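Undergrad: So that we are looking at the same thing, I have put the structure below in structure tokens.
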Amino acid sequence: MAKTFLKPGEVSSRKSFPEPNSSRLLGIGENAYDYESTIAASLLTRNTSLPIHNYKEALLYAVKEYRTVVVVGETGSGKTTQIPIYLLKAGWTNGGKAIVCTQPRRIATTTVAARVAEDLDGSKGTLGQVVGFAVRFDNCWDSERTKILYATDGALLRMMLTDPLLLKFQVVMLDEVHERTIATDILCGLLKKIQRLRSDLRVIVSSATVDAEKFRDFFETNDSEDSSYNTAVILSVEGRSFPVDIYYTTYPVQDYIQAAYETTLEIHKKEQDGDILIFVPSSEQVDRLVERFQSNELQICNLRKDRKSLYCVPLYSGLPYKEQLAAFQPAPVNERKVVVSTNIAETSVTIQGIDFVIDTGFCRIRVYSPETGMDFLCIQSISRASADQRAGRAGRNRPGKCYRLYTEDSYWNLLVEHSIPEMCRTNLATAILQLKAIGVENVMNFPFVDAPSAKSVATAFEVLYAIDAVTEDGVLSEFPGMVMADLPMEPFFARTLIAAKDFECIREIITIIAMLQVEQVHGDSVFKYSSSREHKSFESARKPFCVAEGDLLTLINIYDAFEASGHSMRWCGHHGIVPNLMKKARLLRRSIALSLSNVMYGLYGASALSHADELLSQKNPDPSSIIKAILKGFFMNSAVVQPDGSYLTLVGKKSVTIHPSSVLANRLPKYIAYCESIHLKRTYVRNITVIEPQWLIQVAPHVFEKRKSRIEEKWKNLISE
DNA sequence: GAGCACTGC
């Protein structure tokens with residue numbers, strides 16, 4: 001197959017394509033801005049200025065003639081909003097079918113849907129009718145009326161549990177495929193399989209230029225030499241970003257924090273107006289650099305004759321929401337804003353007004369080790385694709401500059417072309433459970449875009465077997481396996497939730513899952529104090545709720561106290577608790593209860609609602625019942641204390657340490673179980689509960705009974721040491 | 001006394 005690189009507007013076609021218009025017009029960015037609405041221009045102006053308009057005929061032709069169309073182009077082309085509209089107007093939804101367009105993130109899914117609804121009907125009020133969205137626990141669409149559905153990739157995957165051939169849809173568009181999220185990757189494989197059975201289905205994948213051919217070849221089914229039988233084609237659309245000048249260092253830098261600081265001062269001294277965005281790998285380094293700027297503010301404004309000042313704001317996901325907002329506020333007149341950010345600003349959010357990017361060339365990523373079953377967080381060099389994405393952040397409004405704190409030689413020879421896809425660096429238990437539930441019998445034969453290692457697939461099966469999701473032969477069990485796949489949460493929590501029925505503590509387990517979801521972001525808790533930066537305030541705010549059993553029951557206490565206060569804002573304020581997060585937990589509890597009513601009790605509509613309320617009514621179970629239900633999902637994460645205050649996991653014999661934010665950090669109970677572990681300098685465990693060793697044998701005899709005597713012997717030795 | 005990148009169901 002020819003591997004020529006196409007210019008914008010070119011299609012590798014068997015027939016001639018309509019010529020695109022040559023004009024290149026400018027307008028508002030395509031990516032929905034997350035923190036406030038920035039729809040400024042009139043819709044008419046915006047739409048006619050989108051580059052994608054020049055390719056409308058070419059696109060419709062390609063979709064008609066080919067089963068798969070790979071649309072390549074930078075952000076800002078308008079493809080996300082316009083392609084579904086073109087297809088709708090061209091009649092692709094006739095016959096009661098719809099178009100679905102996936103996004104990797106919830107916020108983009110809902111905001112894009114709102115914009116397209118407004119585009120079509122002139123009013124956002126129609127969202128949920130012709131145009132709708134589907135994200136977990138929030139469905140805003142109508143299976144009869146909705147013609148364009150925006151969904152998160154994970155939500156579409158979940159729909160395949162009930163509609164494995166996606167018969168509702170005539171066209172499936174996977175957007176941002178180059179991000180290689182695990183859900184998008186799995187959808188690619190599943191769609192390739194569906195295409196064998198449904199010749200009418202059209203697939204559009206939208207990707208960054210660099211890997212378009214990979215996806216075209218992945219979907220191409222023509223084995224013959226005759227390209228007129230090709231089933232997949234690339235359509236290339238230009239973006240609307242501005243040129244960005246790239247600068248490299250002459251020599252490798254020793255200290256990139258120092259280099260970033262100095263480069264910022266140079267820019268401030270010599271360059272015209274425009275804000276600066278600095279990418280560093282970790283939140284810790286963000287804080288360090290911000291502090292450095294803040295303590296030198298006076299000297300910095302003396303750098304310029306006009307004494308223009310410079311102020312610096314941090315940005316990372318763990319930062320309290322209100323503090324994040326400062327990064328998005330436009331800079332005051334005669335001040336220059338410097339945003340120091342982690343990877344969050346690379347794709348997840350867009351900051352307007354950035355003209356200069358400083359790229360350290362590093363990021364922190366999570367890597368799963370199937371050998372140890374542990375997650376590692378390590379700092380790595382970014383990929384060239386990432387570096388280009390970061391640079392592009394400077395060219396959204398006008399031409400910009402990007403300063404790379406590494407040499408050009410490093411860029412070409414040290415950085416890899418693409419980052420490792422999520423599929424190949426995460427625990428696959430959830431993904432494989434889903435594939436099994438959708439009906440993929442032989443996971444090793446699945447058409448992966450990039451296949452994960454056999455070892456990580458094997459480990460995932462072991463994990464699924466341990467929590468009863470699959471049999472010894474790797475076959476999905478009707479119960480609890482299928483039920484776990486149906487529940488919209490990680491399989492370990494699903495297992496716990498199912499067990500909660502037998503232990504009569506559904507209400508409590510739902511509360512724990514909801515609270516953990518809200519607390520998921522590190523450093524972020526329901527308390528307004530950061531557990532790391534304001535540790536003292538954090539601890540004293542949490543103290544009234546703490547119990548000796550550990551973090552999980554402490555979370556129940558916090559939630560129950562919030563309920564008892566009548567969801568009072570004043571109560572939250574008095575206890576240093578963020579009301580919005582508690583509100584979120586409250587909504588999540590109801591959503592989880594509703595899912596459980598649907599999935600486990602087969603209830604829908606009004607009866608599901610009243611059943612959900614019933615599940616959430618007070619039962620006051622024994623604390624040990626709650627912990628046993630937790631153990632049913634997390635017994636693999638049990639550990640015994642060591643003389644030095646660390647712990648040894650009972651399965652796998654790994655050394656772990658209680659994370660300083662845990663209520664058990666200084667108490668060192670003999671036996672614990674934890675919900676989460678992460679390896680930094682040491683392996684930290686979080687969300688911990690105290691357990692009795694005999695409970696392990698009770699909840700997981702298949703793992704602990706056989707080894708009971710041996711393990712007990714070992715424990716005796718460990719404790720007597 | 002030491003600390004988690006970013007998503008999603």
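Simple scheme: letters A, B, ... for chains in structure tokens order, numbers from 1 for residues in each chain, numbers from 1 for ligands in the order shown.
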DSSP says helix (DSSP H, G or I) for which residues of region 115-178 of chain A? Put them as a PyMOL selection string?
TA: chain A and resi 115-121+124-126+153-159+177-178
Undergrad: Find the residues around DT7 (chain B) up to 10 Å (only C-alpha atoms (C1' of nucleotides) counted), leave out those fewer than 5 positions away in its own chain, and share them as a list in words.
TA: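 Final neighbour list, sorted by chain and number: Pro104, Arg105, Arg106, Thr181, Ile182 and Ser348 of chain A.
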Undergrad: Would you save the residues from that selection as a PDB file, in the first residue's frame, using N, CA, C and O atoms?
TA:
```
ATOM      1  N   PRO A 104     -12.731  11.406  24.211  1.00  0.00           N
ATOM      2  CA  PRO A 104     -12.098  10.789  25.382  1.00  0.00           C
ATOM      3  C   PRO A 104     -12.537  11.393  26.710  1.00  0.00           C
ATOM      4  O   PRO A 104     -12.384  10.761  27.734  1.00  0.00           O
ATOM      5  N   ARG A 105     -13.060  12.603  26.725  1.00  0.00           N
ATOM      6  CA  ARG A 105     -13.377  13.248  28.003  1.00  0.00           C
ATOM      7  C   ARG A 105     -14.836  13.678  28.099  1.00  0.00           C
ATOM      8  O   ARG A 105     -15.447  14.098  27.113  1.00  0.00           O
ATOM      9  N   ARG A 106     -15.354  13.610  29.311  1.00  0.00           N
ATOM     10  CA  ARG A 106     -16.750  13.949  29.555  1.00  0.00           C
ATOM     11  C   ARG A 106     -17.052  15.398  29.205  1.00  0.00           C
ATOM     12  O   ARG A 106     -18.068  15.706  28.582  1.00  0.00           O
ATOM     13  N   THR A 181      -6.584   6.315  23.911  1.00  0.00           N
ATOM     14  CA  THR A 181      -7.153   5.876  25.181  1.00  0.00           C
ATOM     15  C   THR A 181      -7.536   4.414  25.042  1.00  0.00           C
ATOM     16  O   THR A 181      -7.795   3.923  23.932  1.00  0.00           O
ATOM     17  N   ILE A 182      -7.609   3.735  26.160  1.00  0.00           N
ATOM     18  CA  ILE A 182      -7.875   2.308  26.126  1.00  0.00           C
ATOM     19  C   ILE A 182      -9.251   2.036  25.513  1.00  0.00           C
ATOM     20  O   ILE A 182      -9.407   1.120  24.704  1.00  0.00           O
ATOM     21  N   SER A 348      -6.072  18.219  27.947  1.00  0.00           N
ATOM     22  CA  SER A 348      -7.344  18.242  28.677  1.00  0.00           C
ATOM     23  C   SER A 348      -7.988  19.622  28.734  1.00  0.00           C
ATOM     24  O   SER A 348      -9.196  19.737  28.685  1.00  0.00           O
TER      25      SER A 348
END
```
Undergrad: Would you mind listing what lies within 7 Å of Val205 (chain A) as a compact mmCIF listing (two decimals) with all heavy atoms, in the first residue's frame, with only C-alpha atoms (C1' of nucleotides) counted and same-chain residues fewer than 3 positions away left out?
TA:
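Done, and the output landed in around.txt:
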```txt
# COMPACT_ATOMS: atom_id res chain seq x y z
N VAL A 69 -13.24 6.10 6.84
CA VAL A 69 -12.57 7.32 6.43
C VAL A 69 -11.74 7.81 7.61
O VAL A 69 -12.26 7.99 8.71
CB VAL A 69 -13.57 8.42 6.01
CG1 VAL A 69 -12.82 9.67 5.57
CG2 VAL A 69 -14.47 7.92 4.90
N VAL A 70 -10.44 7.99 7.37
CA VAL A 70 -9.58 8.54 8.40
C VAL A 70 -9.44 10.03 8.10
O VAL A 70 -8.90 10.41 7.06
CB VAL A 70 -8.19 7.86 8.39
CG1 VAL A 70 -7.30 8.47 9.47
CG2 VAL A 70 -8.34 6.36 8.59
N VAL A 71 -9.97 10.86 8.96
CA VAL A 71 -9.87 12.30 8.77
C VAL A 71 -8.69 12.79 9.59
O VAL A 71 -8.67 12.63 10.81
CB VAL A 71 -11.16 13.02 9.21
CG1 VAL A 71 -11.02 14.52 9.03
CG2 VAL A 71 -12.35 12.51 8.42
N MET A 173 -18.23 7.73 14.57
CA MET A 173 -17.04 8.57 14.41
C MET A 173 -16.25 8.53 15.71
O MET A 173 -16.76 8.87 16.77
CB MET A 173 -17.47 10.01 14.09
CG MET A 173 -16.32 11.00 14.06
SD MET A 173 -16.88 12.59 13.40
CE MET A 173 -15.44 13.61 13.73
N LEU A 174 -15.01 8.08 15.62
CA LEU A 174 -14.12 8.08 16.79
C LEU A 174 -13.22 9.29 16.68
O LEU A 174 -12.42 9.38 15.75
CB LEU A 174 -13.28 6.80 16.85
CG LEU A 174 -14.02 5.46 16.82
CD1 LEU A 174 -13.01 4.32 16.90
CD2 LEU A 174 -15.02 5.36 17.96
N ASP A 175 -13.38 10.21 17.61
CA ASP A 175 -12.59 11.44 17.55
C ASP A 175 -11.37 11.31 18.45
O ASP A 175 -11.38 10.53 19.40
CB ASP A 175 -13.48 12.62 17.99
CG ASP A 175 -13.00 13.93 17.39
OD1 ASP A 175 -12.01 13.93 16.64
OD2 ASP A 175 -13.64 14.96 17.68
N VAL A 177 -8.54 9.96 18.04
CA VAL A 177 -8.04 8.59 18.09
C VAL A 177 -6.54 8.55 18.43
O VAL A 177 -6.06 7.61 19.07
CB VAL A 177 -8.31 7.89 16.74
CG1 VAL A 177 -7.55 6.60 16.62
CG2 VAL A 177 -9.80 7.61 16.63
```
Undergrad: Which chain A residues have any atom within 7 Å of an atom of chain B, and for each, what is the nearest pair of atoms with distance in Å to one decimal, counting only C-alpha atoms (C1' of nucleotides), rows sorted by chain and number, as a Markdown table?
TA:
```
| residue | atom | partner | partner_atom | distance |
| --- | --- | --- | --- | --- |
| A:Arg105 | CA | B:DT7 | C1' | 6.8 |
| A:Arg136 | CA | B:DC9 | C1' | 6.2 |
| A:Gly154 | CA | B:DC9 | C1' | 5.9 |
| A:Ala155 | CA | B:DC9 | C1' | 6.8 |
| A:Ser282 | CA | B:DA5 | C1' | 6.7 |
| A:Asn343 | CA | B:DA5 | C1' | 6.5 |
| A:Ile344 | CA | B:DC6 | C1' | 6.4 |
| A:Cys363 | CA | B:DA5 | C1' | 6.7 |
| A:Arg364 | CA | B:DA5 | C1' | 4.6 |
| A:Ile365 | CA | B:DA5 | C1' | 5.1 |
| A:Arg366 | CA | B:DA5 | C1' | 7.0 |
| A:Pro488 | CA | B:DC9 | C1' | 4.7 |
| A:Met489 | CA | B:DC9 | C1' | 5.3 |
| A:His522 | CA | B:DC4 | C1' | 5.4 |
| A:Ser532 | CA | B:DG3 | C1' | 6.1 |
```
Undergrad: Going by DSSP on the backbone, which bits of region 59-196 of chain A are strand (DSSP E)? Write them as a PyMOL selection string, please.
TA: chain A and resi 68-72+98-103+131-135+138-140+148-152+169-174
Undergrad: With distances taken over only C-alpha atoms, which of A:Ala700, A:Ser617, A:Val475, A:Gly602 is nearest to Ser638 (chain A)?
TA: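 Of all the options, A:Ala700 lies closest to Ser638 (chain A).
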Undergrad: For a test of reading the model, state the distance in Å between CA of Leu631 (chain A) and CA of Tyr559 (chain A), rounded to one decimal.
TA: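 Rounded to one decimal, the two atoms are 21.2 Å apart.
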